[in-house]
Amino acid sequence: MLYRSLFLILIFVSSVFTQSLTWLGSMGTPYAEVHGVSDDGMVVTGWAGVYSPHRAWRWTPSTGMQDIGSLAPGYDAEAWGLSADGQVIVGYGLIGVGSVYRGFRWKNDSMYQFGTFGGSVSWAYAASFDGSVVAGSAEHSNGYNHAFRWTADSGMQDLGVLPGALRSVARGVSADGRVVVGWSGFENQVHHAFRWENGVMVDIHNPALYGSEALGVSDDGNVVVGAWGPNMLTPARAFRWTASTGMYDLGTLGGNWSEAWDANYNGSIVVGWAERSTGNWGAFRWKETTGMQDLNVLYANLLTPGSVLRDAFAISSNGRYIAGRGYNAATGRNEAYLLDTQGTSVAEKSENLQIASRLYQNYPNPFSRVTTITYEIPFRTSVQLEVYDGLGRKVGTLVNEIQNAGKYSVKFVADNFSNGIYFYTLKTEKSVNVNRMELLK
């Protein structure tokens with residue numbers, strides 16, 4: 001009976017799930033870029049504008065695309081990173097006349113300005129899962145910038161450079177803030193990708209290649225993605241790196257160029273952009289089982305005639321949500337988009353938000369021992385949070401009580417469970433939600 005109940009729930013859930021593509025707009029300008037999507041697909045961030053000023057924005061289904069402000073009124077600001085919980089945005093902006101940029105960390109409508117290492121400029125590019133760790137770059141008084149890792153307690157930590165190099169830039173950070181990736185530059189303008197952990201910056205560049213830059217890292221910190229190529233990365237080619245495989249080429253969609261920008265939790269899915277033919281590029285998704293695939297082909301049924309997904313710069317840790325920039329034929333603009341590869345459309349989520357509970361993807365996932373399950377209920381109701389194994393047998397009850405409206409987090413400790421796929425269900429008086437998680441000890 002338990003197996004049949006869970007099976008019917010999963011059939012119901014899959015029957016109402018539909019893939020969806022949502023055009024987010026471009027702040028009234030002809031151009032917008034995306035540089036972050038939250039794990040639940042409810043927050044997207046980036047920047048818009050062809051000419052100054054560039055405007056940093058945050059999008060949600062209920063608010064649409066909103067300007068988050070700037071470090072100096074009326075001056076450029078660009079958002080380049082988003083925490084997985086959707087609460088923290090990082091980027092950089094002008095602080096006055098001239099080309100003086102400073103990195104920022106935005107949260108709750110407040111923008112914190114990063115300093116420098118003695119120079120005049122800094123940039124912030126990436127944030128950890130909850131935004132408590134930020135990675136970027138800041139200038140020294142000698143004019144060379146160094147990668148930094150920031151926390152509220154330690155401030156900006158200079159990560160240094162690779163041996164013999166002059167400068168470095170941090171472009172990605174793992175979900176727990178432990179691993180930072182980026183590139184370090186030498187006097188001859190050659191760049192080498194690096195991976196930093198526990199105070200040590202390691203050169204992960206493939207010596208068979210001329211230069212490389214790390215642009216992103218998996219949430220677990222074990223997979224690095226980016227671009228490699230000849231001098232000045234012209235043309236660039238997407239790469240994926242692991243400790244066991246080293247840096248290897250992901251190919252293109254038929255042309256000469258490609259860049260990999262982001263990866264899901266364990267790096268099994270990579271997104272970016274690639275040429276399909278000379279001067280014609282499109283967004284790609286790469287998987288170990290399929291290789292590089294054109295999102296315009298995979299999701300052609302979601303695209304109106306003339307519309308093109310140009311790039312994919314961000315992916316959620318569960319691999320469900322992909323965000324980037326594309327040409328929207330309906331408006332004639334290069335706009336931001338959000339692609340839901342599995343579930344209910346963003347519009348449906350927004351309409352049902354007032355009556356339905358929300359069950360978030362557990363974190364971390366996959367997990368080795370302990371994971372956190374977060375859910376949200378909009379009214380006082382009875383709540384059951386239960387865990388089932390892959391055969392539909394209930395193996396645990398985490399919550400069974402009446403709760404007030406609010407957001408709750410519960411830890412699931414799997415000390416006595418074997419590796420495999422598990423499902424966790426949230427049942428209230430008006431809704432049932434099911435999510436999948438994986439235990440890997």
# chains A, B, ... in the order shown; residues from 1 in each chain; ligands from 1

call {"tool": "select_by_dssp", "arguments": {"residues": "region 183-391 of chain A", "states": "helix (DSSP H, G or I)", "output": "list in words"}}
result
Asn231, Met232, Leu233, Leu295, Asn296, Val297, Leu298, Ala300, Asn301, Leu302, Val346, Ala347, Glu348, Lys349, Ser350, Glu351 and Asn352 of chain A

call {"tool": "closest_atom_pairs", "arguments": {"of": "region 225-340 of chain A", "to": "region 61-81 of chain A", "cutoff": "12 Å", "atoms": "only C-alpha atoms", "output": "JSON lines"}}
result
{"residue": "A:Trp261", "atom": "CA", "partner": "A:Gly81", "partner_atom": "CA", "distance": 11.8}
{"residue": "A:Asp262", "atom": "CA", "partner": "A:Gly81", "partner_atom": "CA", "distance": 11.2}
{"residue": "A:Phe313", "atom": "CA", "partner": "A:Trp80", "partner_atom": "CA", "distance": 10.0}
{"residue": "A:Ala314", "atom": "CA", "partner": "A:Gly81", "partner_atom": "CA", "distance": 9.2}
{"residue": "A:Ile315", "atom": "CA", "partner": "A:Gly81", "partner_atom": "CA", "distance": 11.8}
{"residue": "A:Glu335", "atom": "CA", "partner": "A:Met65", "partner_atom": "CA", "distance": 11.2}
{"residue": "A:Ala336", "atom": "CA", "partner": "A:Met65", "partner_atom": "CA", "distance": 9.7}
{"residue": "A:Tyr337", "atom": "CA", "partner": "A:Met65", "partner_atom": "CA", "distance": 11.3}
{"residue": "A:Leu338", "atom": "CA", "partner": "A:Pro61", "partner_atom": "CA", "distance": 10.8}

call {"tool": "write_last_selection", "arguments": {"atoms": "N, CA and C atoms", "output": "mmCIF file, in the first residue's frame"}}
result
data_model
loop_
_atom_site.group_PDB
_atom_site.id
_atom_site.type_symbol
_atom_site.label_atom_id
_atom_site.label_comp_id
_atom_site.auth_asym_id
_atom_site.auth_seq_id
_atom_site.Cartn_x
_atom_site.Cartn_y
_atom_site.Cartn_z
ATOM 1 N N TRP A 261 30.589 27.737 -18.508
ATOM 2 C CA TRP A 261 30.436 28.764 -17.482
ATOM 3 C C TRP A 261 29.971 28.258 -16.126
ATOM 4 N N ASP A 262 29.234 27.177 -16.087
ATOM 5 C CA ASP A 262 28.708 26.745 -14.790
ATOM 6 C C ASP A 262 28.441 25.248 -14.817
ATOM 7 N N PHE A 313 24.564 30.722 -18.856
ATOM 8 C CA PHE A 313 25.595 31.141 -17.917
ATOM 9 C C PHE A 313 25.387 30.583 -16.506
ATOM 10 N N ALA A 314 24.224 30.018 -16.210
ATOM 11 C CA ALA A 314 23.950 29.575 -14.838
ATOM 12 C C ALA A 314 23.058 28.346 -14.848
ATOM 13 N N ILE A 315 23.305 27.450 -13.877
ATOM 14 C CA ILE A 315 22.485 26.256 -13.700
ATOM 15 C C ILE A 315 22.310 26.003 -12.216
ATOM 16 N N GLU A 335 17.354 39.154 -24.573
ATOM 17 C CA GLU A 335 16.786 39.170 -23.237
ATOM 18 C C GLU A 335 17.306 38.018 -22.382
ATOM 19 N N ALA A 336 17.079 38.153 -21.095
ATOM 20 C CA ALA A 336 17.358 37.066 -20.164
ATOM 21 C C ALA A 336 16.253 36.022 -20.269
ATOM 22 N N TYR A 337 16.623 34.763 -20.049
ATOM 23 C CA TYR A 337 15.611 33.697 -20.047
ATOM 24 C C TYR A 337 15.842 32.755 -18.877
ATOM 25 N N LEU A 338 14.795 32.047 -18.503
ATOM 26 C CA LEU A 338 14.847 30.992 -17.489
ATOM 27 C C LEU A 338 14.207 29.749 -18.079
#

call {"tool": "closest_residue", "arguments": {"among": "A:Gly324, A:Gly267, A:Gly96, A:Gly172", "to": "Val34 (chain A)", "atoms": "only C-alpha atoms"}}
result
A:Gly324

call {"tool": "closest_residue", "arguments": {"among": "A:Thr151, A:Gln361, A:Asn419, A:Thr29", "to": "Thr331 (chain A)", "atoms": "only C-alpha atoms"}}
result
A:Thr29

call {"tool": "residues_around", "arguments": {"residues": "Leu439 (chain A)", "least_positions_apart": "5", "cutoff": "12 Å", "atoms": "only C-alpha atoms", "output": "list in words"}}
result
Asn362, Tyr363, Pro364, Asn365, Pro366, Phe367, Ser368, Arg369, Val370, Thr371, Asp389, Gly390, Phe412, Val413, Ala414, Asp415, Asn416, Phe417, Ser418, Asn419, Gly420, Ile421, Tyr422 and Phe423 of chain A

call {"tool": "atom_distance", "arguments": {"atom1": "CA of Pro163 (chain A)", "atom2": "CA of Glu187 (chain A)"}}
result
11.8 Å
